[in-house]
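Student: Would you mind keeping the following structure in view while I ask a few things?
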Amino acid sequence: MVEITVDGKKITVPHGINLIEAARLAGGFIPHYCYHSKLSVAGNCRMCLVEIEKVPKLQVACNTTVRDGMVFYTNNDRVKRAREQVLEFILVNHPLDCPVCDQAGECKLQEFYMQYDLRESRFRESKSHKPKVVDLGPRVVLDMERCILCTRCVRFCREIAKSDELCVSERGSRNKLTTYPGKALENAYSTNVVDICPVGALTSKDFRFKRRVWFLKKEKSICPGCARGCNIEIHHHDNKIFRLVPRTNEEVNQCWMCDEGRDTYKPVLAQNRLRSPMGFEAGQRTQFSSTEIMPRIQNALSGIAGIDGKSIVGIGSAQATNEDNYALKKFLEITFKSKNLLYHKNESDHPTHDNFLICADKNPNTNGIEALDFVKINTNKKFQAFFILGNLPEEAIKKIALEKKRVVIMLATHDDEDSKWPDFVIPTTTFAESTGTFMNIQRRVQKISPALISPGESRSAWEFFSDLSTYFGKENPIYHSAEAVFQDIVEEHLCYQGLTYKSLGETGKVCP
Amino acid sequence: MILKFSKNSKTKIDEILERYPNKQAATLPVLFIAQREFGHLSREAMEAVAKILETSYAHVYGVATFYTLYNKKPVGKYHVQICGNLSCSIMGGENIQEYLKKKLKLNFGETTQDGKFTLSSVECLASCGTGPAMQINEAYYEKLTPEKVDEILNSLK
Ligand code: SF4
Ligand code: SF4
Ligand code: FES
Ligand code: FES
């Protein structure tokens, strides 16, 4: 530890950090463009100039390390003046097309100009012009004129994605950010460059021109794309999701997420979301209301002679939350004394994976569902009644279904081939409409929270099972919140010992 | 097309690599070897350099395009680079520039039809004390006069 003085405030900070981080610890902020805490230091934007006592010239804070006894100023007149000048230079060739720029509203150029400059341009010559719509790859578009050449994106590709696809070509006012001619920016993490670009030079094809950022509301959640469970923010407006962006969790995803994960919101908005319960009436697939469907389910079950705990099975889902799966488990246990718990998960023959974030297991909650004592479908036992979480092809239960009369109740999100066959289909929520928890590949239990109101009569599985319980008149717990379900999980499962829903915080807790 | 370095160049590259902490650090000298060997830095030449240095195409491209001393386009057998900077100009460099243009019937950046000469105007050649100066391929010519230029060009076969 070393003792330093930042703007007159004495503070002890760890040895070896730079002045930007030190100022942060002192509760201050040094504006910067090229510096990024997860990337190597480039020191090219000069926005972070500070005055250090006994050093004649202003120094860049990003490339200066704290020394014991160091005294520096981040906001005195000299620093402020230098900052204005740096900004003036950066803006010399900037197109200032904010009205049509996606970054407007979250642009460091706009923000710092408002905070530190606010002067009229003295530049009367013509600005240098460069290509404005450059297709860099499948997900990213570049506006070369807006680029301030901070090289964050170049360093991201070199140091984090390890693909080294970008470079700055040529020199001086001809400088261009580019890929090697003819090659695309197509690493599996490419959209992160859009997030770290401090200006509107790099934009996401998916998000471009869809919504001004100041309309977006933000909900903290977890990416359901794979077992990593990257922490994310769901950006939404008008009950629609516009983008998913990474949220910092040093233990899980730092501040990154993969491109595949960015697309996981799309099924949420699909046209074929289930909106109301479905059943069969005189052989016809028919829509019912939530209240109508309950007694029918009860009748169907009691209509099977000799049905008991042994012939009923719950098929949970590694896509669903712990709370939804647990509610299913509890319902079967108390109502039917059934301990038949199987689960299904998304599987593909050649799943993408790497040794950074992307996991081959494309389910957010495989560890979670196994901790709840569900096992993968691979038994010889035959069952007559099925409670299934999530869309599932009929094929999947062929081997475990008795030939004779059977009843299948499915909680499904989408109206597709996999939800057309069951006797009863209950519309349920996707991750973006659910409250609850997932357990990731490191056994970290992390919370998700709902960004959208779920379509039609769909609701969480735990809500549905609470309701259904009342029809069966058993001692089932009626839950009013996912938190209450979680509390029961903790009480019943050793590995959760000591956890509470609140203690999970924003970044989760690891189960031993 | 994959370009291959000659044995000679390969030995030189190996010698150079020994002097650097890592292969990528040798980008500049190896690019020069490639330019000498292949005439100019075509895509294929840059890719060959990237492969030998075990670095990305993008990195090599960024470096190669930064320096005007690397020719990204084919040049003639003789690349005549006349200084257009201040000291040379004071010493009559502008006249020499015009003289060269007329004599070779070229504008800057152009190559004669027979592929013999390319004419370029370049920044200071660091030969200011003996201006006007020019560089043809890797040789320097100083204190130029039109007569001297004639003599030099005639001597080039
Ligand atoms: S990057 Fe976009 S928002 Fe920022 S100042 Fe430039 S045009 Fe405006
Ligand atoms: S595109 Fe953005 S991140 Fe990349 S160098 Fe330009 S300003 Fe920086
Ligand atoms: S942040 Fe320090 S020079 Fe860019
Ligand atoms: S100005 Fe011509 S060599 Fe320096």
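In the structure tokens, chains take the letters A, B, ... in the order shown, each chain's residues start at 1, and ligands count up from 1 in the order shown.
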Could you pull out all residues of chain B with a DSSP call of alpha helix (DSSP H) and give them as a ChimeraX atom specification?
Tutor: /B:7-18,27-38,43-52,57-66,86-90,93-104,146-155
Student: Residues of chain A that approach ligand 2 to 10 Å or less, counting only C-alpha atoms and all ligand atoms: could you list each one with the shortest pair of atoms and its distance in Å to one decimal, rows by chain and increasing residue number, as JSON lines?
Tutor:
```
{"residue": "A:Tyr33", "atom": "CA", "partner": "ligand 2", "partner_atom_place_in_ligand_line": "8 (Fe)", "distance": 7.8}
{"residue": "A:Cys34", "atom": "CA", "partner": "ligand 2", "partner_atom_place_in_ligand_line": "8 (Fe)", "distance": 6.9}
{"residue": "A:Cys45", "atom": "CA", "partner": "ligand 2", "partner_atom_place_in_ligand_line": "8 (Fe)", "distance": 9.5}
{"residue": "A:Leu109", "atom": "CA", "partner": "ligand 2", "partner_atom_place_in_ligand_line": "7 (S)", "distance": 10.0}
{"residue": "A:Val141", "atom": "CA", "partner": "ligand 2", "partner_atom_place_in_ligand_line": "1 (S)", "distance": 9.5}
{"residue": "A:Leu142", "atom": "CA", "partner": "ligand 2", "partner_atom_place_in_ligand_line": "1 (S)", "distance": 6.8}
{"residue": "A:Asp143", "atom": "CA", "partner": "ligand 2", "partner_atom_place_in_ligand_line": "1 (S)", "distance": 7.8}
{"residue": "A:Met144", "atom": "CA", "partner": "ligand 2", "partner_atom_place_in_ligand_line": "1 (S)", "distance": 7.3}
{"residue": "A:Glu145", "atom": "CA", "partner": "ligand 2", "partner_atom_place_in_ligand_line": "6 (Fe)", "distance": 9.0}
{"residue": "A:Arg146", "atom": "CA", "partner": "ligand 2", "partner_atom_place_in_ligand_line": "7 (S)", "distance": 7.0}
{"residue": "A:Cys147", "atom": "CA", "partner": "ligand 2", "partner_atom_place_in_ligand_line": "6 (Fe)", "distance": 3.8}
{"residue": "A:Ile148", "atom": "CA", "partner": "ligand 2", "partner_atom_place_in_ligand_line": "7 (S)", "distance": 4.3}
{"residue": "A:Leu149", "atom": "CA", "partner": "ligand 2", "partner_atom_place_in_ligand_line": "5 (S)", "distance": 3.8}
{"residue": "A:Cys150", "atom": "CA", "partner": "ligand 2", "partner_atom_place_in_ligand_line": "8 (Fe)", "distance": 3.9}
{"residue": "A:Thr151", "atom": "CA", "partner": "ligand 2", "partner_atom_place_in_ligand_line": "5 (S)", "distance": 3.7}
{"residue": "A:Arg152", "atom": "CA", "partner": "ligand 2", "partner_atom_place_in_ligand_line": "3 (S)", "distance": 4.4}
{"residue": "A:Cys153", "atom": "CA", "partner": "ligand 2", "partner_atom_place_in_ligand_line": "4 (Fe)", "distance": 4.3}
{"residue": "A:Val154", "atom": "CA", "partner": "ligand 2", "partner_atom_place_in_ligand_line": "4 (Fe)", "distance": 6.3}
{"residue": "A:Arg155", "atom": "CA", "partner": "ligand 2", "partner_atom_place_in_ligand_line": "4 (Fe)", "distance": 8.8}
{"residue": "A:Phe156", "atom": "CA", "partner": "ligand 2", "partner_atom_place_in_ligand_line": "3 (S)", "distance": 8.8}
{"residue": "A:Leu166", "atom": "CA", "partner": "ligand 2", "partner_atom_place_in_ligand_line": "4 (Fe)", "distance": 8.6}
{"residue": "A:Cys167", "atom": "CA", "partner": "ligand 2", "partner_atom_place_in_ligand_line": "5 (S)", "distance": 8.6}
{"residue": "A:Val168", "atom": "CA", "partner": "ligand 2", "partner_atom_place_in_ligand_line": "5 (S)", "distance": 7.6}
{"residue": "A:Lys176", "atom": "CA", "partner": "ligand 2", "partner_atom_place_in_ligand_line": "6 (Fe)", "distance": 8.4}
{"residue": "A:Leu177", "atom": "CA", "partner": "ligand 2", "partner_atom_place_in_ligand_line": "5 (S)", "distance": 6.2}
{"residue": "A:Thr178", "atom": "CA", "partner": "ligand 2", "partner_atom_place_in_ligand_line": "1 (S)", "distance": 8.7}
{"residue": "A:Asn192", "atom": "CA", "partner": "ligand 2", "partner_atom_place_in_ligand_line": "3 (S)", "distance": 9.9}
{"residue": "A:Val193", "atom": "CA", "partner": "ligand 2", "partner_atom_place_in_ligand_line": "3 (S)", "distance": 6.4}
{"residue": "A:Val194", "atom": "CA", "partner": "ligand 2", "partner_atom_place_in_ligand_line": "3 (S)", "distance": 7.4}
{"residue": "A:Asp195", "atom": "CA", "partner": "ligand 2", "partner_atom_place_in_ligand_line": "3 (S)", "distance": 8.6}
{"residue": "A:Ile196", "atom": "CA", "partner": "ligand 2", "partner_atom_place_in_ligand_line": "3 (S)", "distance": 6.1}
{"residue": "A:Cys197", "atom": "CA", "partner": "ligand 2", "partner_atom_place_in_ligand_line": "3 (S)", "distance": 3.6}
{"residue": "A:Pro198", "atom": "CA", "partner": "ligand 2", "partner_atom_place_in_ligand_line": "7 (S)", "distance": 5.9}
{"residue": "A:Val199", "atom": "CA", "partner": "ligand 2", "partner_atom_place_in_ligand_line": "7 (S)", "distance": 5.7}
{"residue": "A:Gly200", "atom": "CA", "partner": "ligand 2", "partner_atom_place_in_ligand_line": "2 (Fe)", "distance": 7.0}
{"residue": "A:Ala201", "atom": "CA", "partner": "ligand 2", "partner_atom_place_in_ligand_line": "1 (S)", "distance": 4.9}
{"residue": "A:Leu202", "atom": "CA", "partner": "ligand 2", "partner_atom_place_in_ligand_line": "1 (S)", "distance": 5.3}
{"residue": "A:Thr203", "atom": "CA", "partner": "ligand 2", "partner_atom_place_in_ligand_line": "1 (S)", "distance": 9.0}
```
Student: Using only C-alpha atoms and all ligand atoms, find each protein or nucleic acid residue lying at most 9 Å from ligand 3; present the set as a list in words.
Tutor: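 Checking only C-alpha atoms and all ligand atoms against ligand 3 at 9 Å gives Ile20, Ile30, Pro31, His32, Tyr33, Cys34, Tyr35, His36, Val41, Ala42, Gly43, Asn44, Cys45, Arg46, Met47, Cys48, Leu49, Gln59, Val60, Ala61, Cys62, Asn63, Thr64 and Cys150 of chain A.
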Student: Could you please extract the residues within 12 Å of ligand 4, counting only C-alpha atoms and all ligand atoms, and hand them back as a compact mmCIF listing (two decimals) with all heavy atoms, in the first residue's frame?
Tutor:
```
# COMPACT_ATOMS: atom_id res chain seq x y z
N GLN B 81 13.05 8.65 -55.79
CA GLN B 81 12.34 9.35 -54.73
C GLN B 81 13.03 10.69 -54.50
O GLN B 81 14.10 10.76 -53.92
CB GLN B 81 12.35 8.51 -53.45
CG GLN B 81 11.70 7.14 -53.65
CD GLN B 81 12.25 6.08 -52.71
OE1 GLN B 81 11.94 6.08 -51.53
NE2 GLN B 81 13.09 5.19 -53.24
N ILE B 82 12.36 11.75 -54.97
CA ILE B 82 12.98 13.07 -54.87
C ILE B 82 12.43 13.81 -53.66
O ILE B 82 11.23 13.81 -53.41
CB ILE B 82 12.77 13.87 -56.18
CG1 ILE B 82 13.25 15.32 -56.06
CG2 ILE B 82 11.33 13.86 -56.64
CD1 ILE B 82 14.73 15.47 -56.21
N CYS B 83 13.32 14.41 -52.91
CA CYS B 83 12.92 15.10 -51.69
C CYS B 83 12.12 16.36 -52.02
O CYS B 83 12.52 17.15 -52.87
CB CYS B 83 14.15 15.46 -50.86
SG CYS B 83 13.74 16.45 -49.41
N GLY B 84 11.00 16.55 -51.35
CA GLY B 84 10.17 17.72 -51.60
C GLY B 84 10.13 18.61 -50.38
O GLY B 84 9.25 19.47 -50.26
N ASN B 85 11.04 18.41 -49.47
CA ASN B 85 10.97 19.14 -48.21
C ASN B 85 11.75 20.45 -48.25
O ASN B 85 12.37 20.79 -49.25
CB ASN B 85 11.45 18.25 -47.07
CG ASN B 85 10.44 18.25 -45.95
OD1 ASN B 85 10.25 19.25 -45.28
ND2 ASN B 85 9.76 17.12 -45.77
N LEU B 86 11.72 21.15 -47.15
CA LEU B 86 12.14 22.55 -47.13
C LEU B 86 13.58 22.80 -47.58
O LEU B 86 13.81 23.55 -48.52
CB LEU B 86 11.91 23.11 -45.72
CG LEU B 86 12.15 24.61 -45.60
CD1 LEU B 86 11.22 25.38 -46.51
CD2 LEU B 86 12.01 25.05 -44.17
N SER B 87 14.55 22.18 -46.93
CA SER B 87 15.96 22.50 -47.21
C SER B 87 16.28 22.24 -48.68
O SER B 87 16.91 23.06 -49.34
CB SER B 87 16.89 21.67 -46.33
OG SER B 87 16.51 21.80 -45.00
N CYS B 88 15.82 21.11 -49.18
CA CYS B 88 16.09 20.79 -50.58
C CYS B 88 15.43 21.80 -51.50
O CYS B 88 16.00 22.21 -52.50
CB CYS B 88 15.61 19.38 -50.91
SG CYS B 88 16.67 18.13 -50.18
N SER B 89 14.21 22.21 -51.12
CA SER B 89 13.49 23.16 -51.97
C SER B 89 14.25 24.48 -52.05
O SER B 89 14.36 25.08 -53.12
CB SER B 89 12.09 23.40 -51.42
OG SER B 89 11.39 22.19 -51.44
N ILE B 90 14.79 24.94 -50.93
CA ILE B 90 15.57 26.18 -50.91
C ILE B 90 16.77 26.05 -51.84
O ILE B 90 17.15 26.98 -52.53
CB ILE B 90 16.03 26.51 -49.47
CG1 ILE B 90 14.81 26.88 -48.62
CG2 ILE B 90 17.06 27.63 -49.47
CD1 ILE B 90 15.14 27.02 -47.15
N MET B 91 17.31 24.86 -51.92
CA MET B 91 18.49 24.63 -52.74
C MET B 91 18.13 24.32 -54.20
O MET B 91 18.94 23.79 -54.95
CB MET B 91 19.33 23.47 -52.17
CG MET B 91 19.89 23.74 -50.79
SD MET B 91 20.85 25.24 -50.71
CE MET B 91 22.30 24.74 -51.65
N GLY B 92 16.89 24.56 -54.57
CA GLY B 92 16.52 24.35 -55.98
C GLY B 92 15.86 23.01 -56.24
O GLY B 92 15.75 22.57 -57.39
N GLY B 93 15.43 22.39 -55.21
CA GLY B 93 14.81 21.08 -55.35
C GLY B 93 13.59 21.08 -56.25
O GLY B 93 13.34 20.12 -56.98
N GLU B 94 12.84 22.19 -56.20
CA GLU B 94 11.62 22.24 -57.01
C GLU B 94 11.94 22.11 -58.49
O GLU B 94 11.23 21.46 -59.24
CB GLU B 94 10.85 23.52 -56.72
CG GLU B 94 10.08 23.40 -55.42
CD GLU B 94 9.27 24.65 -55.09
OE1 GLU B 94 9.65 25.74 -55.55
OE2 GLU B 94 8.27 24.50 -54.38
N ILE B 96 14.45 20.57 -59.77
CA ILE B 96 14.84 19.18 -60.04
C ILE B 96 13.59 18.31 -60.15
O ILE B 96 13.49 17.45 -61.02
CB ILE B 96 15.77 18.63 -58.93
CG1 ILE B 96 17.00 19.52 -58.77
CG2 ILE B 96 16.17 17.19 -59.20
CD1 ILE B 96 17.95 19.48 -59.96
N GLN B 97 12.63 18.58 -59.29
CA GLN B 97 11.38 17.82 -59.35
C GLN B 97 10.74 17.98 -60.73
O GLN B 97 10.37 17.01 -61.37
CB GLN B 97 10.40 18.33 -58.29
CG GLN B 97 10.82 18.02 -56.86
CD GLN B 97 9.63 18.03 -55.91
OE1 GLN B 97 8.56 18.49 -56.26
NE2 GLN B 97 9.84 17.50 -54.72
N SER B 121 7.53 11.80 -54.90
CA SER B 121 8.04 12.91 -54.09
C SER B 121 7.98 12.43 -52.64
O SER B 121 6.97 11.91 -52.20
CB SER B 121 7.16 14.13 -54.30
OG SER B 121 7.34 15.03 -53.23
N VAL B 122 9.07 12.61 -51.92
CA VAL B 122 9.08 12.12 -50.53
C VAL B 122 9.43 13.24 -49.57
O VAL B 122 9.87 14.32 -49.99
CB VAL B 122 10.09 10.95 -50.36
CG1 VAL B 122 9.67 9.75 -51.19
CG2 VAL B 122 11.50 11.39 -50.71
N GLU B 123 9.21 12.95 -48.29
CA GLU B 123 9.58 13.95 -47.27
C GLU B 123 11.08 13.87 -47.03
O GLU B 123 11.78 13.04 -47.61
CB GLU B 123 8.79 13.68 -45.98
CG GLU B 123 7.27 13.70 -46.13
CD GLU B 123 6.73 14.98 -46.75
OE1 GLU B 123 7.34 16.05 -46.53
OE2 GLU B 123 5.71 14.92 -47.47
N CYS B 124 11.56 14.71 -46.13
CA CYS B 124 13.00 14.87 -45.87
C CYS B 124 13.76 13.54 -45.81
O CYS B 124 13.38 12.62 -45.11
CB CYS B 124 13.18 15.62 -44.56
SG CYS B 124 14.91 15.85 -44.13
N LEU B 125 14.83 13.47 -46.58
CA LEU B 125 15.64 12.25 -46.62
C LEU B 125 16.79 12.32 -45.63
O LEU B 125 17.69 11.48 -45.64
CB LEU B 125 16.19 12.04 -48.04
CG LEU B 125 15.15 11.67 -49.11
CD1 LEU B 125 15.76 11.80 -50.49
CD2 LEU B 125 14.63 10.26 -48.89
N ALA B 126 16.77 13.34 -44.79
CA ALA B 126 17.82 13.55 -43.80
C ALA B 126 19.17 13.76 -44.48
O ALA B 126 20.20 13.31 -44.04
CB ALA B 126 17.90 12.38 -42.83
N SER B 127 19.10 14.45 -45.61
CA SER B 127 20.34 14.77 -46.31
C SER B 127 20.32 16.26 -46.60
O SER B 127 20.80 16.73 -47.64
CB SER B 127 20.40 13.95 -47.60
OG SER B 127 21.69 14.02 -48.16
N CYS B 128 19.78 17.01 -45.67
CA CYS B 128 19.49 18.42 -45.89
C CYS B 128 20.75 19.23 -46.20
O CYS B 128 20.70 20.20 -46.94
CB CYS B 128 18.80 19.03 -44.68
SG CYS B 128 17.51 18.00 -44.04
N GLY B 129 21.87 18.85 -45.64
CA GLY B 129 23.11 19.60 -45.83
C GLY B 129 23.61 19.52 -47.25
O GLY B 129 24.43 20.33 -47.68
N THR B 130 23.16 18.55 -48.00
CA THR B 130 23.67 18.34 -49.35
C THR B 130 22.54 18.32 -50.37
O THR B 130 22.59 17.61 -51.34
CB THR B 130 24.45 17.02 -49.43
OG1 THR B 130 23.60 15.97 -48.94
CG2 THR B 130 25.72 17.05 -48.61
N GLY B 131 21.50 19.12 -50.11
CA GLY B 131 20.35 19.14 -51.01
C GLY B 131 20.68 19.84 -52.31
O GLY B 131 21.70 20.53 -52.38
N PRO B 132 19.82 19.72 -53.31
CA PRO B 132 18.68 18.80 -53.38
C PRO B 132 19.13 17.33 -53.41
O PRO B 132 20.13 17.03 -54.04
CB PRO B 132 18.01 19.18 -54.68
CG PRO B 132 18.65 20.44 -55.15
CD PRO B 132 19.99 20.51 -54.51
N ALA B 133 18.32 16.51 -52.72
CA ALA B 133 18.72 15.11 -52.60
C ALA B 133 17.64 14.20 -53.16
O ALA B 133 16.45 14.56 -53.17
CB ALA B 133 18.97 14.76 -51.14
N MET B 134 18.05 13.06 -53.65
CA MET B 134 17.07 12.04 -54.02
C MET B 134 17.61 10.66 -53.68
O MET B 134 18.82 10.48 -53.44
CB MET B 134 16.68 12.14 -55.49
CG MET B 134 17.71 11.63 -56.48
SD MET B 134 17.00 11.68 -58.15
CE MET B 134 18.45 11.31 -59.13
N GLN B 135 16.71 9.72 -53.65
CA GLN B 135 17.09 8.36 -53.33
C GLN B 135 16.54 7.48 -54.45
O GLN B 135 15.37 7.59 -54.81
CB GLN B 135 16.48 7.95 -51.99
CG GLN B 135 16.88 6.57 -51.52
CD GLN B 135 16.14 6.17 -50.24
OE1 GLN B 135 15.55 7.02 -49.58
NE2 GLN B 135 16.17 4.91 -49.91
N TYR B 140 21.70 6.95 -52.33
CA TYR B 140 21.48 8.39 -52.22
C TYR B 140 22.22 9.14 -53.32
O TYR B 140 23.34 8.77 -53.68
CB TYR B 140 22.02 8.88 -50.87
CG TYR B 140 20.96 8.97 -49.78
CD1 TYR B 140 20.03 7.96 -49.64
CD2 TYR B 140 20.93 10.06 -48.92
CE1 TYR B 140 19.07 8.04 -48.66
CE2 TYR B 140 19.98 10.15 -47.93
CZ TYR B 140 19.04 9.13 -47.80
OH TYR B 140 18.10 9.20 -46.83
N TYR B 141 21.61 10.22 -53.82
CA TYR B 141 22.29 11.12 -54.77
C TYR B 141 22.09 12.53 -54.27
O TYR B 141 20.96 12.93 -53.99
CB TYR B 141 21.71 10.94 -56.17
CG TYR B 141 21.88 9.52 -56.69
CD1 TYR B 141 20.90 8.56 -56.45
CD2 TYR B 141 23.04 9.15 -57.39
CE1 TYR B 141 21.06 7.27 -56.89
CE2 TYR B 141 23.20 7.85 -57.83
CZ TYR B 141 22.20 6.90 -57.58
OH TYR B 141 22.37 5.62 -58.00
N GLU B 142 23.19 13.29 -54.16
CA GLU B 142 23.11 14.59 -53.51
C GLU B 142 23.55 15.72 -54.41
O GLU B 142 24.08 15.51 -55.50
CB GLU B 142 23.99 14.56 -52.24
CG GLU B 142 23.53 13.50 -51.25
CD GLU B 142 24.66 13.01 -50.37
OE1 GLU B 142 25.71 12.61 -50.90
OE2 GLU B 142 24.48 13.06 -49.15
N LYS B 143 23.31 16.96 -53.91
CA LYS B 143 23.68 18.19 -54.64
C LYS B 143 23.32 18.07 -56.12
O LYS B 143 24.14 18.24 -57.02
CB LYS B 143 25.18 18.45 -54.48
CG LYS B 143 25.59 18.71 -53.04
CD LYS B 143 26.94 19.38 -52.96
CE LYS B 143 27.23 19.78 -51.54
NZ LYS B 143 28.62 19.99 -51.23
N LEU B 144 22.04 17.76 -56.36
CA LEU B 144 21.61 17.47 -57.72
C LEU B 144 21.53 18.72 -58.59
O LEU B 144 21.14 19.79 -58.13
CB LEU B 144 20.24 16.79 -57.69
CG LEU B 144 20.21 15.42 -57.02
CD1 LEU B 144 18.77 14.93 -56.92
CD2 LEU B 144 21.06 14.42 -57.78
```
Student: If we count only C-alpha atoms, which residues of chain B reach to within 6 Å of chain A? Please list them as an MDAnalysis selection string.
Tutor: chainID B and resid 58 62 65:66
Student: Keeping only all heavy atoms, write the selected residues as a PDB file, in the first residue's frame.
Tutor:
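Output contents, as saved in result.pdb:
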```pdb
ATOM      1  N   ALA B  58      -3.706  -8.454 -39.635  1.00  0.00           N
ATOM      2  CA  ALA B  58      -4.098  -7.091 -39.297  1.00  0.00           C
ATOM      3  C   ALA B  58      -2.919  -6.307 -38.728  1.00  0.00           C
ATOM      4  O   ALA B  58      -2.706  -5.146 -39.067  1.00  0.00           O
ATOM      5  CB  ALA B  58      -5.260  -7.106 -38.298  1.00  0.00           C
ATOM      6  N   GLY B  62      -1.373  -2.989 -40.472  1.00  0.00           N
ATOM      7  CA  GLY B  62      -1.329  -1.704 -39.774  1.00  0.00           C
ATOM      8  C   GLY B  62       0.058  -1.085 -39.855  1.00  0.00           C
ATOM      9  O   GLY B  62       0.213   0.113 -40.125  1.00  0.00           O
ATOM     10  N   THR B  65       1.079  -0.113 -43.616  1.00  0.00           N
ATOM     11  CA  THR B  65       0.424   1.065 -44.188  1.00  0.00           C
ATOM     12  C   THR B  65       0.820   2.342 -43.449  1.00  0.00           C
ATOM     13  O   THR B  65       0.649   3.438 -43.962  1.00  0.00           O
ATOM     14  CB  THR B  65      -1.116   0.937 -44.151  1.00  0.00           C
ATOM     15  OG1 THR B  65      -1.515   0.650 -42.804  1.00  0.00           O
ATOM     16  CG2 THR B  65      -1.598  -0.165 -45.076  1.00  0.00           C
ATOM     17  N   PHE B  66       1.361   2.208 -42.244  1.00  0.00           N
ATOM     18  CA  PHE B  66       1.782   3.391 -41.491  1.00  0.00           C
ATOM     19  C   PHE B  66       2.954   4.077 -42.192  1.00  0.00           C
ATOM     20  O   PHE B  66       3.026   5.299 -42.282  1.00  0.00           O
ATOM     21  CB  PHE B  66       2.186   2.980 -40.077  1.00  0.00           C
ATOM     22  CG  PHE B  66       2.574   4.132 -39.188  1.00  0.00           C
ATOM     23  CD1 PHE B  66       1.615   4.794 -38.440  1.00  0.00           C
ATOM     24  CD2 PHE B  66       3.898   4.554 -39.099  1.00  0.00           C
ATOM     25  CE1 PHE B  66       1.964   5.863 -37.619  1.00  0.00           C
ATOM     26  CE2 PHE B  66       4.248   5.624 -38.281  1.00  0.00           C
ATOM     27  CZ  PHE B  66       3.276   6.279 -37.551  1.00  0.00           C
TER      28      PHE B  66
END
```
Student: Please provide as an MDAnalysis selection string all residues within 9 Å of Lys12 (chain B), with the sequence filter that same-chain residues fewer than 5 positions apart are discarded (counting only C-alpha atoms).
Tutor: chainID B and resid 7 17 30 33
Student: Tell me, as a list of chain:residue names, which residues lie within 10 Å of Glu347 (chain A), counting only C-alpha atoms; anything in the same chain fewer than 5 positions away does not count.
Tutor: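 Neighbouring residues, sequence-local ones excluded: A:Ala360, A:Asp361, A:Lys362, A:Asn363.
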Student: For those residues, write C-alpha atoms to a file as a tab-separated table (two decimals), in the first residue's frame.
Tutor:
```tsv
chain	number	residue	atom	x	y	z
A	360	ALA	CA	-20.65	-26.49	-24.34
A	361	ASP	CA	-23.62	-26.92	-22.00
A	362	LYS	CA	-26.19	-24.56	-23.53
A	363	ASN	CA	-28.37	-24.52	-20.42
```
Student: Out of B:Val75, B:Ala45, B:Leu100, B:Ile136, which residue has the shortest atom-to-atom distance to Asp114 (chain B) when counting only C-alpha atoms?
Tutor: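 For Asp114 (chain B), the nearest of the given residues is B:Val75.
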